[in-house]
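*Asks:* Following this message is one structure expressed as structure tokens.
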Amino acid sequence: DSWSAPMPPDSVSLPLPPHSPSLPTATSNPLLVNSAGDSITLGTGNSIKGLTIGNTAGAGIKGSSFGTLTVSTVTINGSGQIVDLNSGTLAVTFDSLASSGTTGGRRGIDIQNVTGTFTTGATAISGPANDAIRLLNSSGTTFTFNGLTLSTSGQRGLLASSAGTLNVTGAPNTASTTNNVAIEITNTTIGASGVTWQNVSANGGDKGIVLNNTGAGSFTVSGTGTTAGSGGTIQNINKRGVEVTNAQNVTLKNMNLINATLVQDVAPNTPTC
């Protein structure tokens, strides 16, 4: 005869003895920092929930050929790159994102060759060593940013190229750059929620705003009320302050456009703005 011991259950709940103090209730997410590299390096089939990533020397979350990534109830803030993601499927929702600067040529947010969804709450990026946000070659992805504040010097604010569908909603949505393009959206569909900015400013560089093949979604710079200049100032541009090609529903209000070297003719069948 043979006999096998019964297998224990997967989990066991043990009651507290009588009169024991209650266990403490978590009041905040645990904090993860790394002064020597990336905070989280992805494997394959990843799920991240319920934490805050603070200062990091590299990226808050980094992964290449990572299979899937699911994120919820996560905040990233402090110094360092927010995310660096290449090749995978996303089901990502961040509570909020912020970076006060990057090093080593890193972008604030760098995402390419992905599918799925990437959604953020309030996002603020200042002083990156490269583009504040770069979204590339992700035709099966919907990106939604709810409240963007971008500030760069010598670097692009937002680049979305062949990046699926892009929505920028909420408030305040501002972008300010020197010696580079503030907003560049090419071969990317502006989504049903639109891409809406309160203020876009660029001082120097070849162009201030570039829209090329963005579909029927709306691109708006609103400013505040009817206050001149509240929509931003694009100035001292080497080529075109605003370049619009095969884009629809473009509205620019309360903006100052000055000192651009060239004036762009409006192509036939191109909506004016």
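Quick note on naming: the chains in the structure tokens go A, B, ... in the order shown, residues restart at 1 in each chain, and ligands are numbered from 1 in order of appearance.
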Hey, what's within 8 Å of Gly101 of chain A if we count only C-alpha atoms and toss same-chain stuff fewer than 5 positions away? As a list of chain:residue names, please?
*Replies:*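 The neighbour list is A:Ser79, A:Gly80, A:Gln81, A:Gly108, A:Ile125, A:Ser126, A:Gly127, A:Pro128, A:Ala129.
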*Asks:* Any idea what's packed within 9 Å of Gly54 of chain A, counting only C-alpha atoms, ignoring anything in its chain fewer than 6 positions away? Could you give it as number ranges by chain?
*Replies:* A: 31-34, 39, 60, 75-80
*Asks:* Just the number, please: distance in Å from atom CA of Ser193 of chain A to atom CA of Asn167 of chain A, one decimal.
*Replies:*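 Here the two named atoms are 5.7 Å from each other.
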*Asks:* Between atom CA of Leu85 of chain A and atom CA of Arg156 of chain A, measure the distance and give it in Å to one decimal.
*Replies:* 18.6 Å
*Asks:* Nearest to Ser176 of chain A: which of A:Ser153, A:Leu97, A:Gly147, A:Asp110 is it, counting only C-alpha atoms?
*Replies:* A:Ser153
*Asks:* Skipping near chain neighbours, those fewer than 4 positions away, what residues fall within 6 Å of Gly231 of chain A using only C-alpha atoms, listed as a list in words?
*Replies:* Gln198, Asn199, Ser222, Gly223, Asn254 and Met255 of chain A
*Asks:* Restricted to all heavy atoms, what would the selected residues look like written as a PDB file, in the first residue's frame?
*Replies:*
```
ATOM      1  N   GLN A 198      -4.278  74.472 -23.720  1.00  0.00           N
ATOM      2  CA  GLN A 198      -4.548  75.843 -23.308  1.00  0.00           C
ATOM      3  C   GLN A 198      -3.485  76.786 -23.838  1.00  0.00           C
ATOM      4  O   GLN A 198      -3.785  77.912 -24.240  1.00  0.00           O
ATOM      5  CB  GLN A 198      -4.596  75.951 -21.785  1.00  0.00           C
ATOM      6  CG  GLN A 198      -4.861  77.371 -21.284  1.00  0.00           C
ATOM      7  CD  GLN A 198      -4.906  77.430 -19.770  1.00  0.00           C
ATOM      8  OE1 GLN A 198      -5.585  76.625 -19.131  1.00  0.00           O
ATOM      9  NE2 GLN A 198      -4.201  78.379 -19.183  1.00  0.00           N
ATOM     10  N   ASN A 199      -2.235  76.302 -23.860  1.00  0.00           N
ATOM     11  CA  ASN A 199      -1.119  77.174 -24.222  1.00  0.00           C
ATOM     12  C   ASN A 199      -0.015  76.352 -24.863  1.00  0.00           C
ATOM     13  O   ASN A 199       0.390  75.323 -24.316  1.00  0.00           O
ATOM     14  CB  ASN A 199      -0.603  77.872 -22.953  1.00  0.00           C
ATOM     15  CG  ASN A 199       0.541  78.831 -23.214  1.00  0.00           C
ATOM     16  OD1 ASN A 199       1.595  78.438 -23.674  1.00  0.00           O
ATOM     17  ND2 ASN A 199       0.313  80.094 -22.891  1.00  0.00           N
ATOM     18  N   SER A 222      -6.568  76.829 -27.139  1.00  0.00           N
ATOM     19  CA  SER A 222      -7.701  77.676 -26.778  1.00  0.00           C
ATOM     20  C   SER A 222      -7.312  79.006 -26.149  1.00  0.00           C
ATOM     21  O   SER A 222      -8.015  80.010 -26.318  1.00  0.00           O
ATOM     22  CB  SER A 222      -8.616  76.923 -25.800  1.00  0.00           C
ATOM     23  OG  SER A 222      -7.923  76.660 -24.588  1.00  0.00           O
ATOM     24  N   GLY A 223      -6.209  79.031 -25.385  1.00  0.00           N
ATOM     25  CA  GLY A 223      -5.970  80.206 -24.567  1.00  0.00           C
ATOM     26  C   GLY A 223      -7.028  80.332 -23.487  1.00  0.00           C
ATOM     27  O   GLY A 223      -7.753  79.383 -23.168  1.00  0.00           O
ATOM     28  N   ASN A 254      -6.054  83.005 -29.611  1.00  0.00           N
ATOM     29  CA  ASN A 254      -5.306  83.797 -28.626  1.00  0.00           C
ATOM     30  C   ASN A 254      -3.803  83.526 -28.668  1.00  0.00           C
ATOM     31  O   ASN A 254      -3.110  83.623 -27.646  1.00  0.00           O
ATOM     32  CB  ASN A 254      -5.831  83.532 -27.203  1.00  0.00           C
ATOM     33  CG  ASN A 254      -7.283  83.872 -27.046  1.00  0.00           C
ATOM     34  OD1 ASN A 254      -7.732  84.941 -27.441  1.00  0.00           O
ATOM     35  ND2 ASN A 254      -8.050  82.945 -26.483  1.00  0.00           N
ATOM     36  N   MET A 255      -3.267  83.206 -29.848  1.00  0.00           N
ATOM     37  CA  MET A 255      -1.845  82.935 -29.989  1.00  0.00           C
ATOM     38  C   MET A 255      -1.121  84.093 -30.663  1.00  0.00           C
ATOM     39  O   MET A 255      -1.686  84.778 -31.520  1.00  0.00           O
ATOM     40  CB  MET A 255      -1.608  81.655 -30.801  1.00  0.00           C
ATOM     41  CG  MET A 255      -2.132  80.378 -30.170  1.00  0.00           C
ATOM     42  SD  MET A 255      -1.533  78.887 -31.018  1.00  0.00           S
ATOM     43  CE  MET A 255       0.184  78.870 -30.463  1.00  0.00           C
TER      44      MET A 255
END
```
*Asks:* Excluding same-chain residues fewer than 3 positions from Leu136 of chain A, what lies within 9 Å of it counting only C-alpha atoms, as JSON, numbers by chain?
*Replies:* {"A": [110, 111, 112, 113, 114, 139, 159, 160, 161, 162, 163, 164]}
*Asks:* What is the distance between atom CA of Thr214 of chain A and atom CA of Gly194 of chain A, in Å to one decimal?
*Replies:*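 Spanning atom CA of Thr214 of chain A to atom CA of Gly194 of chain A is a straight-line distance of 10.6 Å.
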